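Q: Let me begin by handing over the structure; questions about it come next.
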Amino acid sequence: AFFEFSSGEGLIKWLSKNIGKLDILFLDIEMGELNGMETAAKIRELKDDAIIVFVTSYKDYVFDGYKVGAIGYLTKPVDQEKLGETLGRALGMIEQKAPEVYLITNKEGLYRIPKKQIQYFCSDKRQVILVSEQQRYSFYAKLDEVAGELGDDFVRIHQRTLVRAGAV
């Protein structure tokens, strides 16, 4: 899915309720009250690990992007070849992170939750609730299937509860 925000404030407000929903963010340096760098810093404070690419006319900020973990910096007008290269790198990073995240799908969409941020799962019939450091996500599954997908870092402490050992 593609989302567009007219300000950094709007993005932060939406993202705080939808952590893990966006994979790649293209941020302009000039944005409303919060500029792109400030917006990126706030995204990192939320512990969202979305891939960040800056798109702007200003070359002065190139090195500042590394402070917020940006993978690229595209100048306007955007060169299609450079955009393609950047997207290729971003998609490669998403594939590399696949074993480190747990994917859930619910009525709001698809979420990639870093396993290291998951505290526990609990279930009631077929409804599973994932509790992370920032948020709760609910989805339909069997807890046995969830346990099978996660590996040894997660421990079954009760018939309805699965805990990340590092969160105890």
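FYI, nothing fancy with the structure tokens labels: chains A, B, ... in order, residues from 1 per chain, ligands from 1 as they appear.
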Could you list, as a ChimeraX atom specification, every residue within 10 Å of Glu30 (chain A), counting only C-alpha atoms and ignoring same-chain residues fewer than 5 positions away?
A: /A:7-8,35-37,55-58
Q: Using only C-alpha atoms, please write the residues we just selected to a file, as a CSV table (one decimal), in the first residue's frame.
A:
chain,number,residue,atom,x,y,z
A,7,SER,CA,3.5,16.9,7.1
A,8,GLY,CA,5.9,15.2,9.5
A,35,ASN,CA,11.5,19.1,9.0
A,36,GLY,CA,12.4,15.7,7.4
A,37,MET,CA,15.4,15.2,9.8
A,55,VAL,CA,14.3,13.3,-1.2
A,56,THR,CA,15.1,17.0,-1.4
A,57,SER,CA,16.7,19.9,-3.2
A,58,TYR,CA,19.1,20.6,-0.4
Q: So which residues of region 22-55 of chain A fall under helix (DSSP H, G or I) by DSSP, listed as a ChimeraX atom specification?
A: /A:36-45
Q: Could you tell me, as a list in words, which residues of region 26-82 of chain A DSSP assigns to strand (DSSP E) when given the backbone?
A: Phe26, Leu27, Ile51, Ile52, Val53, Phe54, Val55, Thr56, Ala70, Ile71, Gly72, Tyr73, Leu74 and Thr75 of chain A
Q: Would you mind telling me which residue in A:His158, A:Thr75, A:Arg136, A:Lys67 lies nearest to Phe26 (chain A) when using only C-alpha atoms?
A: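 Using only C-alpha atoms, Phe26 (chain A) sits closest to A:Thr75.
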Q: Skip region 120-131 of chain A itself and residues of its chain fewer than 6 positions away, then list as a ChimeraX atom specification all residues within 12 Å of it, counting only C-alpha atoms.
A: /A:102-106,111-114,137-147,150,153-168
Q: Just checking: using only C-alpha atoms, which residue out of A:Ile43, A:Leu15, A:Leu22, A:Ala1 ends up closest to Ile94 (chain A)?
A: A:Leu22
Q: Distance CA of Lys97 (chain A)-CA of Lys59 (chain A), one decimal place?
A: 29.5 Å
Q: Which residue is closest to Tyr73 (chain A)? Choose from A:Leu87, A:Met31, A:Val53, A:Ala40 and count only C-alpha atoms.
A: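 The answer is A:Val53, which sits nearest to Tyr73 (chain A).
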Q: Can you tell me, as a list in words, what residues are no more than 10 Å from Glu133 (chain A) when counting only C-alpha atoms, ignoring any on the same chain fewer than 5 positions away?
A: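 Close residues of Glu133 (chain A): Leu46, Lys47, Lys116, Gln117, Ile118, Gln119, Tyr120 and Ala167 of chain A.
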Q: What is the CA of Gly88 (chain A) to CA of Ile19 (chain A) distance in Å?
A: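 About the pair CA of Gly88 (chain A) and CA of Ile19 (chain A): they are 23.0 Å apart.
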Q: Find, counting only C-alpha atoms, the residue in A:Gln134, A:Thr86, A:Gln96, A:Thr39 that gets nearest to Val68 (chain A).
A: A:Thr39
Q: Between CA of Gly65 (chain A) and CA of Phe5 (chain A), measure the distance and give it in Å to one decimal.
A: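 It comes out at 19.7 Å.
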